[in-house]
>>> print(open('query.cif').read())   # mmCIF, C-alpha atoms
data_target
#
loop_
_atom_site.label_atom_id
_atom_site.label_comp_id
_atom_site.auth_asym_id
_atom_site.auth_seq_id
_atom_site.Cartn_x
_atom_site.Cartn_y
_atom_site.Cartn_z
CA MET A 1 169.98 193.78 4.63
CA SER A 2 168.03 191.53 6.98
CA GLU A 3 169.67 188.24 7.86
CA MET A 4 167.49 185.31 6.87
CA SER A 5 166.44 183.70 10.12
CA VAL A 6 167.58 180.10 10.35
CA THR A 7 168.04 177.81 13.34
CA LEU A 8 170.37 174.85 13.52
CA ASP A 9 170.15 172.01 16.03
CA ILE A 10 171.73 168.59 16.63
CA ARG A 11 169.33 165.85 17.79
CA LEU A 12 170.74 162.52 18.91
CA LYS A 13 168.50 159.45 18.73
CA ARG A 14 169.38 158.31 22.24
CA ALA A 15 167.52 160.36 24.81
CA ASN A 16 170.14 159.78 27.54
CA LYS A 17 173.02 160.58 25.11
CA VAL A 18 175.18 157.79 26.62
CA TYR A 19 177.52 155.94 24.24
CA HIS A 20 180.36 153.41 24.44
CA GLU A 21 183.49 153.15 22.34
CA GLY A 22 182.81 151.46 19.00
CA GLU A 23 179.16 152.51 18.91
CA VAL A 24 177.66 154.88 16.35
CA LEU A 25 176.21 158.26 17.25
CA ALA A 26 173.10 158.50 15.08
CA GLY A 27 170.77 161.46 14.85
CA VAL A 28 169.66 164.32 12.66
CA ILE A 29 170.74 167.87 12.01
CA LEU A 30 167.60 169.97 12.15
CA LEU A 31 167.39 173.15 10.07
CA VAL A 32 164.43 175.50 10.23
CA CYS A 33 164.31 178.54 7.97
CA LYS A 34 161.53 180.80 6.68
CA GLU A 35 162.61 180.71 3.03
CA ALA A 36 165.01 178.74 0.87
CA MET A 37 168.67 179.52 1.52
CA GLN A 38 172.10 178.83 0.05
CA HIS A 39 174.96 177.37 2.05
CA HIS A 40 178.58 176.36 1.39
CA GLY A 41 178.51 172.99 3.13
CA ILE A 42 177.54 171.45 6.47
CA SER A 43 180.04 169.49 8.55
CA LEU A 44 180.04 167.65 11.88
CA SER A 45 183.04 167.34 14.16
CA MET A 46 183.48 165.21 17.25
CA GLU A 47 185.92 166.03 20.01
CA GLY A 48 186.83 164.50 23.35
CA LEU A 49 189.11 166.45 25.70
CA VAL A 50 190.56 166.16 29.17
CA ASN A 51 190.99 169.64 30.63
CA LEU A 52 193.33 169.87 33.61
CA GLN A 53 193.45 172.90 35.81
CA LEU A 54 195.76 173.79 38.65
CA SER A 55 194.34 174.93 41.93
CA SER A 56 195.57 178.34 43.06
CA LYS A 57 197.67 176.71 45.81
CA SER A 58 199.67 174.73 43.24
CA VAL A 59 200.25 177.42 40.62
CA GLY A 60 203.79 178.73 40.81
CA VAL A 61 204.96 175.82 42.92
CA PHE A 62 205.82 173.66 39.92
CA GLU A 63 207.13 175.34 36.79
CA ALA A 64 207.00 172.00 35.04
CA PHE A 65 203.23 171.89 35.41
CA TYR A 66 202.58 174.48 32.78
CA ASN A 67 203.50 171.92 30.14
CA SER A 68 201.66 169.01 31.64
CA VAL A 69 198.30 170.77 32.05
CA LYS A 70 197.67 171.27 28.36
CA PRO A 71 194.32 169.72 27.31
CA ILE A 72 194.66 166.03 26.41
CA GLN A 73 192.84 165.15 23.20
CA LEU A 74 191.12 161.77 23.31
CA ILE A 75 189.26 161.86 20.01
CA SER A 76 188.92 164.26 17.11
CA SER A 77 187.20 163.57 13.82
CA ASN A 78 185.23 165.33 11.16
CA ILE A 79 182.61 164.35 8.57
CA GLU A 80 180.86 166.22 5.78
CA VAL A 81 177.10 166.02 6.18
CA ALA A 82 176.02 168.02 3.12
CA LYS A 83 177.84 169.52 0.17
CA ALA A 84 177.27 173.16 -0.74
CA GLY A 85 173.76 173.72 -2.03
CA LYS A 86 170.32 175.03 -1.23
CA ILE A 87 167.98 174.27 1.66
CA PRO A 88 164.24 174.67 1.12
CA GLY A 89 162.11 176.85 3.39
CA GLY A 90 160.50 175.13 6.37
CA LYS A 91 161.97 172.23 8.34
CA THR A 92 164.81 170.07 6.99
CA GLU A 93 166.25 167.02 8.75
CA ILE A 94 169.62 165.67 7.61
CA PRO A 95 170.39 162.26 9.15
CA PHE A 96 173.95 161.41 10.21
CA GLU A 97 175.91 158.48 11.63
CA PHE A 98 179.21 159.13 13.37
CA PRO A 99 181.27 156.18 14.69
CA LEU A 100 182.87 156.65 18.09
CA ASN A 101 186.27 155.16 17.30
CA THR A 102 189.66 156.16 18.65
CA LYS A 103 192.86 156.34 16.66
CA GLY A 104 195.91 154.38 17.75
CA ASN A 105 196.06 153.37 21.40
CA LYS A 106 194.03 156.29 22.78
CA VAL A 107 191.56 155.38 25.52
CA LEU A 108 188.16 157.03 25.83
CA TYR A 109 187.88 157.90 29.50
CA GLU A 110 184.42 158.23 30.96
CA THR A 111 182.68 161.62 30.92
CA TYR A 112 183.43 163.40 34.20
CA HIS A 113 182.72 166.94 35.36
CA GLY A 114 185.10 167.80 38.18
CA VAL A 115 186.85 170.86 39.54
CA PHE A 116 190.45 170.39 38.41
CA VAL A 117 189.84 167.52 35.95
CA ASN A 118 187.15 167.69 33.28
CA ILE A 119 186.50 164.98 30.67
CA GLN A 120 184.01 166.10 28.07
CA TYR A 121 182.83 164.97 24.63
CA THR A 122 181.09 167.27 22.16
CA LEU A 123 179.56 167.16 18.71
CA ARG A 124 179.75 170.39 16.76
CA CYS A 125 177.84 171.20 13.58
CA ASP A 126 179.12 173.97 11.30
CA MET A 127 177.28 175.44 8.37
CA LYS A 128 179.32 177.66 6.07
CA ARG A 129 177.49 180.51 4.37
CA SER A 130 178.24 183.32 1.92
CA LEU A 131 180.29 186.34 2.99
CA LEU A 132 177.26 188.42 3.88
CA ALA A 133 175.56 185.84 6.09
CA LYS A 134 177.17 184.61 9.31
CA ASP A 135 178.37 181.02 9.52
CA LEU A 136 176.24 178.98 11.91
CA SER A 137 177.46 176.48 14.48
CA ARG A 138 175.92 174.43 17.24
CA ASN A 139 177.46 172.31 20.04
CA CYS A 140 175.95 169.31 21.79
CA GLU A 141 177.54 167.33 24.62
CA PHE A 142 177.26 163.55 24.57
CA ILE A 143 178.27 161.21 27.37
CA VAL A 144 180.78 158.37 27.16
CA HIS A 145 180.68 155.42 29.55
CA CYS A 146 183.68 153.13 29.66
CA GLN A 147 183.19 149.45 28.85
CA PRO A 148 181.96 147.59 31.94
CA GLN A 149 184.53 145.33 33.55
CA LYS A 150 183.88 141.60 33.23
CA ALA A 151 185.11 140.68 36.69
CA LYS A 152 182.53 140.38 39.45
CA VAL A 153 182.77 142.89 42.27
CA VAL A 154 182.75 141.06 45.60
CA PRO A 155 181.62 143.50 48.30
CA THR A 156 183.84 143.42 51.37
CA PRO A 157 182.14 145.14 54.32
CA VAL A 158 184.24 147.62 56.27
CA LYS A 159 183.53 147.98 59.99
CA PHE A 160 184.36 151.13 61.92
CA THR A 161 184.42 152.31 65.53
CA ILE A 162 184.79 155.98 66.42
CA THR A 163 185.85 156.98 69.95
CA PRO A 164 188.04 159.83 71.26
CA ASP A 165 190.96 157.35 71.18
CA THR A 166 190.57 156.48 67.48
CA LEU A 167 190.73 160.11 66.37
CA GLN A 168 193.82 161.53 64.68
CA ASN A 169 194.53 165.26 64.37
CA THR A 170 193.23 166.10 67.85
CA ARG A 171 195.18 168.53 69.98
CA GLU A 172 193.48 168.12 73.35
CA ARG A 173 192.29 164.52 73.55
CA SER A 174 191.61 164.85 77.27
CA LEU A 175 189.15 167.68 76.63
CA LEU A 176 187.03 165.64 74.21
CA PRO A 177 183.66 164.37 75.45
CA LYS A 178 183.29 160.59 75.66
CA PHE A 179 181.41 158.88 72.84
CA LEU A 180 181.25 155.53 71.06
CA VAL A 181 179.94 155.17 67.53
CA ARG A 182 180.03 151.93 65.58
CA GLY A 183 178.96 151.02 62.10
CA HIS A 184 179.88 149.52 58.77
CA LEU A 185 179.88 150.23 55.05
CA ASP A 186 178.62 147.27 53.01
CA ALA A 187 181.48 147.84 50.54
CA THR A 188 184.18 150.38 49.65
CA ASN A 189 184.74 148.83 46.21
CA CYS A 190 181.50 150.18 44.78
CA VAL A 191 179.52 149.71 41.60
CA ILE A 192 178.91 153.27 40.38
CA SER A 193 175.31 152.54 39.34
CA GLN A 194 174.39 151.19 42.78
CA PRO A 195 174.05 153.13 46.04
CA LEU A 196 176.65 153.17 48.80
CA THR A 197 174.99 151.50 51.80
CA GLY A 198 175.72 150.61 55.40
CA GLU A 199 174.68 151.67 58.89
CA VAL A 200 175.85 153.68 61.82
CA VAL A 201 174.93 153.28 65.51
CA VAL A 202 175.54 155.81 68.28
CA GLU A 203 176.17 153.48 71.23
CA ASN A 204 176.66 156.33 73.70
CA SER A 205 177.70 159.97 73.87
CA ASP A 206 178.23 162.32 76.82
CA VAL A 207 177.15 165.32 74.75
CA PRO A 208 174.14 165.72 72.45
CA ILE A 209 174.72 165.03 68.76
CA LYS A 210 173.43 167.69 66.37
CA SER A 211 173.63 165.82 63.06
CA ILE A 212 175.15 162.86 61.22
CA GLU A 213 176.19 163.42 57.62
CA LEU A 214 177.69 161.59 54.65
CA GLN A 215 180.12 163.60 52.57
CA LEU A 216 181.21 162.41 49.12
CA VAL A 217 184.62 163.79 48.15
CA ARG A 218 186.51 163.85 44.84
CA VAL A 219 190.29 163.67 45.02
CA GLU A 220 191.83 165.01 41.83
CA THR A 221 195.55 164.77 41.14
CA CYS A 222 197.22 166.57 38.22
CA GLY A 223 200.88 166.40 37.52
CA CYS A 224 203.95 164.84 36.03
CA ALA A 225 207.27 163.37 37.12
CA GLU A 226 208.31 166.69 38.70
CA GLY A 227 205.45 166.77 41.15
CA TYR A 228 201.76 166.40 41.69
CA ALA A 229 198.99 168.70 42.84
CA ARG A 230 196.37 166.80 44.82
CA ASP A 231 193.07 168.47 45.69
CA ALA A 232 190.11 167.10 47.61
CA THR A 233 186.73 168.84 47.18
CA GLU A 234 183.19 168.03 48.24
CA ILE A 235 180.77 166.66 45.64
CA GLN A 236 177.75 166.35 47.91
CA ASN A 237 176.77 166.22 51.55
CA ILE A 238 173.75 164.21 52.71
CA GLN A 239 172.34 164.39 56.21
CA ILE A 240 171.35 160.92 57.45
CA ALA A 241 170.34 161.84 61.01
CA GLU A 242 169.05 165.05 62.60
CA GLY A 243 169.38 165.94 66.26
CA ASP A 244 170.38 163.80 69.24
CA VAL A 245 169.50 160.37 67.88
CA CYS A 246 168.45 157.39 69.99
CA HIS A 247 171.42 155.49 71.32
CA GLY A 248 171.71 151.90 70.09
CA LEU A 249 169.51 152.57 67.05
CA PRO A 250 170.93 151.50 63.66
CA ILE A 251 170.74 154.43 61.21
CA PRO A 252 170.90 153.46 57.52
CA ILE A 253 173.68 154.86 55.33
CA TYR A 254 172.44 155.35 51.75
CA MET A 255 174.01 157.47 49.03
CA VAL A 256 173.49 157.40 45.27
CA PHE A 257 176.56 158.33 43.19
CA PRO A 258 175.57 161.37 41.09
CA ARG A 259 175.84 161.16 37.30
CA LEU A 260 178.63 163.13 35.58
CA PHE A 261 180.15 164.24 38.92
CA THR A 262 181.46 160.73 39.57
CA CYS A 263 183.14 158.23 37.25
CA PRO A 264 184.96 154.92 37.70
CA THR A 265 188.21 155.52 39.64
CA LEU A 266 190.78 156.61 37.07
CA GLU A 267 194.56 156.62 37.16
CA THR A 268 196.64 157.80 34.19
CA THR A 269 200.16 159.21 33.80
CA ASN A 270 199.04 162.87 33.93
CA PHE A 271 196.05 162.79 36.24
CA LYS A 272 194.04 160.74 38.71
CA VAL A 273 190.40 160.88 39.77
CA GLU A 274 189.59 159.13 43.03
CA PHE A 275 186.71 159.24 45.50
CA GLU A 276 186.28 159.08 49.26
CA VAL A 277 183.36 159.21 51.65
CA ASN A 278 183.37 160.82 55.08
CA VAL A 279 181.01 159.85 57.89
CA VAL A 280 180.69 163.11 59.83
CA LEU A 281 179.32 163.54 63.34
CA VAL A 282 178.40 167.10 64.25
CA LEU A 283 178.34 167.61 68.03
CA HIS A 284 176.11 170.19 69.74
CA ASP A 285 178.88 172.80 69.76
CA ASP A 286 179.49 172.28 65.99
CA HIS A 287 182.58 170.20 66.74
CA LEU A 288 183.16 167.91 63.72
CA ILE A 289 184.27 164.29 64.04
CA THR A 290 185.11 162.69 60.71
CA GLU A 291 185.84 159.11 59.68
CA ASN A 292 187.28 158.83 56.16
CA PHE A 293 186.93 155.88 53.75
CA PRO A 294 188.67 155.73 50.34
CA LEU A 295 186.32 154.25 47.72
CA LYS A 296 187.05 152.44 44.48
CA LEU A 297 184.31 152.99 41.91
CA CYS A 298 183.80 150.71 38.92
CA ARG A 299 181.18 149.96 36.28
CA ILE A 300 179.95 146.41 35.74
#
>>> encode(input="query.cif", output="structure tokens")
Amino acid sequence: MSEMSVTLDIRLKRANKVYHEGEVLAGVILLVCKEAMQHHGISLSMEGLVNLQLSSKSVGVFEAFYNSVKPIQLISSNIEVAKAGKIPGGKTEIPFEFPLNTKGNKVLYETYHGVFVNIQYTLRCDMKRSLLAKDLSRNCEFIVHCQPQKAKVVPTPVKFTITPDTLQNTRERSLLPKFLVRGHLDATNCVISQPLTGEVVVENSDVPIKSIELQLVRVETCGCAEGYARDATEIQNIQIAEGDVCHGLPIPIYMVFPRLFTCPTLETTNFKVEFEVNVVLVLHDDHLITENFPLKLCRI
């Protein structure tokens, strides 16, 4: 018995698939089949989950964690799109509207794809069929942005100076070459949709500089009252200067926050998502000198 070929797809009206709480996800379920076919009902379900994972260094350290790293459900609802019946051959579009509303006091956190914290929202369409034909299902991720904050973000520039004396975590300070690097970030409380900007100036250096880089870091914390596992991992690394740059020349700092891999800074009882940026000087012998800045990201 040959299975009747049928394809099922979910098409959202919004091309960028970005929605806010209280809005309606509108779109169509697209069915394409060669000949008419029977089905036992078509349903749509919406789910939002926070998945927490423990890094290998934390597993086994805290027994209590195994309970606190269960997925956290943010939203879960279901609607019937079509009652059991027949679908004609060819292309069929079934429109749907699905409100994005939470139950109780649940908060819809912003979509975020991290390493140890993942916040994801999906629509799933299921089509039930007779015993002989396989049920069909299709998933589609949509993106949730949190409501922008009303308050204005006043950028406060942060100045920095890097010399051998300002460095922490150095064993042999006397063996370090002499250098002086100054600069500033225009703000560390950043609007997520705008670039991180600033400048850096190499005033002088006894040894040649190989490269200057900007490193964006996610700091993810999972845990509970018994303890927390905090992990910092790199999101992206951008080179802003190559080779032994001119001394006294301002070099622009410019970094766009990547979609999905960043979100507004988030702090909840079970997990935290925070961000930092490192200004990294690579000396000729691959010696790394790093200046770290915690960032606070928000959406306005």
>>> resolve_selection(input="query.cif", expression="the PyMOL selection byres ((chain A and resi 142) around 12)", output="mmCIF file with C-alpha atoms, keeping the file's coordinate frame")
data_model
loop_
_atom_site.group_PDB
_atom_site.id
_atom_site.type_symbol
_atom_site.label_atom_id
_atom_site.label_comp_id
_atom_site.auth_asym_id
_atom_site.auth_seq_id
_atom_site.Cartn_x
_atom_site.Cartn_y
_atom_site.Cartn_z
ATOM 1 C CA ILE A 10 171.730 168.590 16.630
ATOM 2 C CA ARG A 11 169.330 165.850 17.790
ATOM 3 C CA LEU A 12 170.740 162.520 18.910
ATOM 4 C CA LYS A 13 168.500 159.450 18.730
ATOM 5 C CA ARG A 14 169.380 158.310 22.240
ATOM 6 C CA ALA A 15 167.520 160.360 24.810
ATOM 7 C CA ASN A 16 170.140 159.780 27.540
ATOM 8 C CA LYS A 17 173.020 160.580 25.110
ATOM 9 C CA VAL A 18 175.180 157.790 26.620
ATOM 10 C CA TYR A 19 177.520 155.940 24.240
ATOM 11 C CA HIS A 20 180.360 153.410 24.440
ATOM 12 C CA VAL A 24 177.660 154.880 16.350
ATOM 13 C CA LEU A 25 176.210 158.260 17.250
ATOM 14 C CA ALA A 26 173.100 158.500 15.080
ATOM 15 C CA GLY A 27 170.770 161.460 14.850
ATOM 16 C CA MET A 46 183.480 165.210 17.250
ATOM 17 C CA GLU A 47 185.920 166.030 20.010
ATOM 18 C CA GLY A 48 186.830 164.500 23.350
ATOM 19 C CA LEU A 100 182.870 156.650 18.090
ATOM 20 C CA GLU A 110 184.420 158.230 30.960
ATOM 21 C CA THR A 111 182.680 161.620 30.920
ATOM 22 C CA TYR A 112 183.430 163.400 34.200
ATOM 23 C CA ILE A 119 186.500 164.980 30.670
ATOM 24 C CA GLN A 120 184.010 166.100 28.070
ATOM 25 C CA TYR A 121 182.830 164.970 24.630
ATOM 26 C CA THR A 122 181.090 167.270 22.160
ATOM 27 C CA LEU A 123 179.560 167.160 18.710
ATOM 28 C CA ARG A 124 179.750 170.390 16.760
ATOM 29 C CA ASN A 139 177.460 172.310 20.040
ATOM 30 C CA CYS A 140 175.950 169.310 21.790
ATOM 31 C CA GLU A 141 177.540 167.330 24.620
ATOM 32 C CA ILE A 143 178.270 161.210 27.370
ATOM 33 C CA VAL A 144 180.780 158.370 27.160
ATOM 34 C CA HIS A 145 180.680 155.420 29.550
ATOM 35 C CA LEU A 260 178.630 163.130 35.580
#
>>> atom_distance(input="query.cif", atom1="CA of Asp165 in chain A", atom2="CA of Asp285 in chain A")
19.7 Å
>>> atom_distance(input="query.cif", atom1="CA of Ile162 in chain A", atom2="CA of Val181 in chain A")
5.0 Å
>>> closest_residue(input="query.cif", among="A:Leu185, A:Leu297, A:Leu216, A:Ile192", to="Pro252 in chain A", atoms="all atoms listed in the file")
A:Leu185
>>> atom_distance(input="query.cif", atom1="CA of Ser76 in chain A", atom2="CA of Glu220 in chain A")
24.9 Å
>>> residues_around(input="query.cif", residues="Glu199 in chain A", least_positions_apart="5", cutoff="7 Å", atoms="only C-alpha atoms", output="list in words")
Gly183, His184, Leu185, Pro250, Ile251, Pro252 and Ile253 of chain A
>>> residues_around(input="query.cif", residues="Gln168 in chain A", least_positions_apart="5", cutoff="10 Å", atoms="only C-alpha atoms", output="ChimeraX atom specification")
/A:173,289-291
>>> closest_residue(input="query.cif", among="A:Glu23, A:Asp9, A:Glu80, A:Asp286", to="Ile209 in chain A", atoms="all atoms listed in the file")
A:Asp286
>>> closest_residue(input="query.cif", among="A:Gly243, A:Gly223, A:Gly22, A:Pro195", to="Val207 in chain A", atoms="only C-alpha atoms")
A:Gly243
>>> residues_around(input="query.cif", residues="Gly41 in chain A", least_positions_apart="4", cutoff="12 Å", atoms="only C-alpha atoms", output="list in words")
Met37, Ile79, Glu80, Val81, Ala82, Lys83, Ala84, Gly85, Lys86, Ile87, Cys125, Asp126, Met127, Lys128, Arg129, Ser130, Asp135, Leu136 and Ser137 of chain A
>>> closest_residue(input="query.cif", among="A:Leu30, A:Leu214, A:Val279, A:Ile300", to="Ser193 in chain A", atoms="all atoms listed in the file")
A:Ile300
>>> residues_around(input="query.cif", residues="range 267-277 of chain A", least_positions_apart="2", cutoff="9 Å", atoms="only C-alpha atoms", output="MDAnalysis selection string")
chainID A and resid 52 68:69 114 117 188 214:225 228 230 232 262:265 279 291:297
>>> resolve_selection(input="query.cif", expression="the PyMOL selection byres ((chain A and resi 254) around 6)", output="PyMOL selection string")
chain A and resi 196-197+253+255
>>> residues_around(input="query.cif", residues="Leu283 in chain A", least_positions_apart="3", cutoff="12 Å", atoms="all atoms listed in the file", output="PDB file with C-alpha atoms, in the coordinates of the input")
ATOM      1  CA  LEU A 176     187.030 165.640  74.210  1.00  0.00           C
ATOM      2  CA  PRO A 177     183.660 164.370  75.450  1.00  0.00           C
ATOM      3  CA  LYS A 178     183.290 160.590  75.660  1.00  0.00           C
ATOM      4  CA  PHE A 179     181.410 158.880  72.840  1.00  0.00           C
ATOM      5  CA  SER A 205     177.700 159.970  73.870  1.00  0.00           C
ATOM      6  CA  ASP A 206     178.230 162.320  76.820  1.00  0.00           C
ATOM      7  CA  VAL A 207     177.150 165.320  74.750  1.00  0.00           C
ATOM      8  CA  PRO A 208     174.140 165.720  72.450  1.00  0.00           C
ATOM      9  CA  ILE A 209     174.720 165.030  68.760  1.00  0.00           C
ATOM     10  CA  LYS A 210     173.430 167.690  66.370  1.00  0.00           C
ATOM     11  CA  SER A 211     173.630 165.820  63.060  1.00  0.00           C
ATOM     12  CA  ILE A 212     175.150 162.860  61.220  1.00  0.00           C
ATOM     13  CA  GLU A 213     176.190 163.420  57.620  1.00  0.00           C
ATOM     14  CA  GLU A 242     169.050 165.050  62.600  1.00  0.00           C
ATOM     15  CA  GLY A 243     169.380 165.940  66.260  1.00  0.00           C
ATOM     16  CA  ASP A 244     170.380 163.800  69.240  1.00  0.00           C
ATOM     17  CA  VAL A 245     169.500 160.370  67.880  1.00  0.00           C
ATOM     18  CA  VAL A 280     180.690 163.110  59.830  1.00  0.00           C
ATOM     19  CA  ASP A 286     179.490 172.280  65.990  1.00  0.00           C
ATOM     20  CA  HIS A 287     182.580 170.200  66.740  1.00  0.00           C
ATOM     21  CA  LEU A 288     183.160 167.910  63.720  1.00  0.00           C
ATOM     22  CA  ILE A 289     184.270 164.290  64.040  1.00  0.00           C
ATOM     23  CA  THR A 290     185.110 162.690  60.710  1.00  0.00           C
TER      24      THR A 290
END
>>> resolve_selection(input="query.cif", expression="the PyMOL selection byres ((chain A and resi 92) around 9)", output="ChimeraX atom specification")
/A:29-33,87-91,93-94
>>> build_atoms(input="query.cif", residues="range 171-179 of chain A", atoms="all heavy atoms", output="PDB file, in the frame of the given file")
ATOM      1  N   ARG A 171     194.146 167.907  69.161  1.00  0.00           N
ATOM      2  CA  ARG A 171     195.180 168.530  69.980  1.00  0.00           C
ATOM      3  C   ARG A 171     194.966 168.157  71.452  1.00  0.00           C
ATOM      4  O   ARG A 171     195.877 167.754  72.134  1.00  0.00           O
ATOM      5  CB  ARG A 171     195.123 170.058  69.805  1.00  0.00           C
ATOM      6  CG  ARG A 171     195.643 170.473  68.445  1.00  0.00           C
ATOM      7  CD  ARG A 171     195.924 171.963  68.379  1.00  0.00           C
ATOM      8  NE  ARG A 171     196.182 172.346  66.998  1.00  0.00           N
ATOM      9  CZ  ARG A 171     195.226 172.644  66.130  1.00  0.00           C
ATOM     10  NH1 ARG A 171     193.960 172.619  66.506  1.00  0.00           N
ATOM     11  NH2 ARG A 171     195.517 172.983  64.892  1.00  0.00           N
ATOM     12  N   GLU A 172     193.747 168.318  71.914  1.00  0.00           N
ATOM     13  CA  GLU A 172     193.480 168.120  73.350  1.00  0.00           C
ATOM     14  C   GLU A 172     192.552 166.924  73.523  1.00  0.00           C
ATOM     15  O   GLU A 172     191.353 167.079  73.700  1.00  0.00           O
ATOM     16  CB  GLU A 172     192.818 169.378  73.933  1.00  0.00           C
ATOM     17  CG  GLU A 172     193.650 170.645  73.774  1.00  0.00           C
ATOM     18  CD  GLU A 172     194.838 170.663  74.725  1.00  0.00           C
ATOM     19  OE1 GLU A 172     194.709 170.122  75.825  1.00  0.00           O
ATOM     20  OE2 GLU A 172     195.891 171.221  74.356  1.00  0.00           O
ATOM     21  N   ARG A 173     193.129 165.720  73.442  1.00  0.00           N
ATOM     22  CA  ARG A 173     192.290 164.520  73.550  1.00  0.00           C
ATOM     23  C   ARG A 173     191.552 164.463  74.891  1.00  0.00           C
ATOM     24  O   ARG A 173     190.414 164.051  74.970  1.00  0.00           O
ATOM     25  CB  ARG A 173     193.171 163.281  73.372  1.00  0.00           C
ATOM     26  CG  ARG A 173     192.417 162.065  72.887  1.00  0.00           C
ATOM     27  CD  ARG A 173     193.347 160.882  72.742  1.00  0.00           C
ATOM     28  NE  ARG A 173     194.309 161.060  71.650  1.00  0.00           N
ATOM     29  CZ  ARG A 173     194.065 160.740  70.391  1.00  0.00           C
ATOM     30  NH1 ARG A 173     192.887 160.244  70.063  1.00  0.00           N
ATOM     31  NH2 ARG A 173     194.980 160.913  69.468  1.00  0.00           N
ATOM     32  N   SER A 174     192.219 164.937  75.924  1.00  0.00           N
ATOM     33  CA  SER A 174     191.610 164.850  77.270  1.00  0.00           C
ATOM     34  C   SER A 174     190.368 165.733  77.397  1.00  0.00           C
ATOM     35  O   SER A 174     189.495 165.485  78.227  1.00  0.00           O
ATOM     36  CB  SER A 174     192.640 165.245  78.324  1.00  0.00           C
ATOM     37  OG  SER A 174     193.104 166.558  78.031  1.00  0.00           O
ATOM     38  N   LEU A 175     190.292 166.767  76.546  1.00  0.00           N
ATOM     39  CA  LEU A 175     189.150 167.680  76.630  1.00  0.00           C
ATOM     40  C   LEU A 175     187.941 167.184  75.839  1.00  0.00           C
ATOM     41  O   LEU A 175     186.853 167.750  75.931  1.00  0.00           O
ATOM     42  CB  LEU A 175     189.538 169.077  76.121  1.00  0.00           C
ATOM     43  CG  LEU A 175     190.659 169.776  76.880  1.00  0.00           C
ATOM     44  CD1 LEU A 175     190.985 171.116  76.253  1.00  0.00           C
ATOM     45  CD2 LEU A 175     190.277 169.958  78.358  1.00  0.00           C
ATOM     46  N   LEU A 176     188.135 166.126  75.037  1.00  0.00           N
ATOM     47  CA  LEU A 176     187.030 165.640  74.210  1.00  0.00           C
ATOM     48  C   LEU A 176     185.977 164.939  75.064  1.00  0.00           C
ATOM     49  O   LEU A 176     186.322 164.219  76.008  1.00  0.00           O
ATOM     50  CB  LEU A 176     187.549 164.648  73.169  1.00  0.00           C
ATOM     51  CG  LEU A 176     188.184 165.240  71.903  1.00  0.00           C
ATOM     52  CD1 LEU A 176     188.768 164.116  71.062  1.00  0.00           C
ATOM     53  CD2 LEU A 176     187.165 166.017  71.094  1.00  0.00           C
ATOM     54  N   PRO A 177     184.702 165.127  74.740  1.00  0.00           N
ATOM     55  CA  PRO A 177     183.660 164.370  75.450  1.00  0.00           C
ATOM     56  C   PRO A 177     183.779 162.886  75.087  1.00  0.00           C
ATOM     57  O   PRO A 177     184.342 162.532  74.056  1.00  0.00           O
ATOM     58  CB  PRO A 177     182.363 164.952  74.897  1.00  0.00           C
ATOM     59  CG  PRO A 177     182.730 165.528  73.570  1.00  0.00           C
ATOM     60  CD  PRO A 177     184.135 165.996  73.694  1.00  0.00           C
ATOM     61  N   LYS A 178     183.244 162.030  75.936  1.00  0.00           N
ATOM     62  CA  LYS A 178     183.290 160.590  75.660  1.00  0.00           C
ATOM     63  C   LYS A 178     182.150 160.221  74.716  1.00  0.00           C
ATOM     64  O   LYS A 178     181.022 160.680  74.889  1.00  0.00           O
ATOM     65  CB  LYS A 178     183.169 159.803  76.970  1.00  0.00           C
ATOM     66  CG  LYS A 178     184.383 159.945  77.867  1.00  0.00           C
ATOM     67  CD  LYS A 178     184.610 158.668  78.646  1.00  0.00           C
ATOM     68  CE  LYS A 178     185.936 158.609  79.372  1.00  0.00           C
ATOM     69  NZ  LYS A 178     186.631 159.870  79.579  1.00  0.00           N
ATOM     70  N   PHE A 179     182.464 159.377  73.733  1.00  0.00           N
ATOM     71  CA  PHE A 179     181.410 158.880  72.840  1.00  0.00           C
ATOM     72  C   PHE A 179     181.893 157.580  72.213  1.00  0.00           C
ATOM     73  O   PHE A 179     183.091 157.301  72.157  1.00  0.00           O
ATOM     74  CB  PHE A 179     181.057 159.903  71.750  1.00  0.00           C
ATOM     75  CG  PHE A 179     182.236 160.339  70.940  1.00  0.00           C
ATOM     76  CD1 PHE A 179     182.664 159.603  69.841  1.00  0.00           C
ATOM     77  CD2 PHE A 179     182.956 161.481  71.287  1.00  0.00           C
ATOM     78  CE1 PHE A 179     183.776 160.000  69.110  1.00  0.00           C
ATOM     79  CE2 PHE A 179     184.070 161.878  70.561  1.00  0.00           C
ATOM     80  CZ  PHE A 179     184.480 161.129  69.464  1.00  0.00           C
TER      81      PHE A 179
END
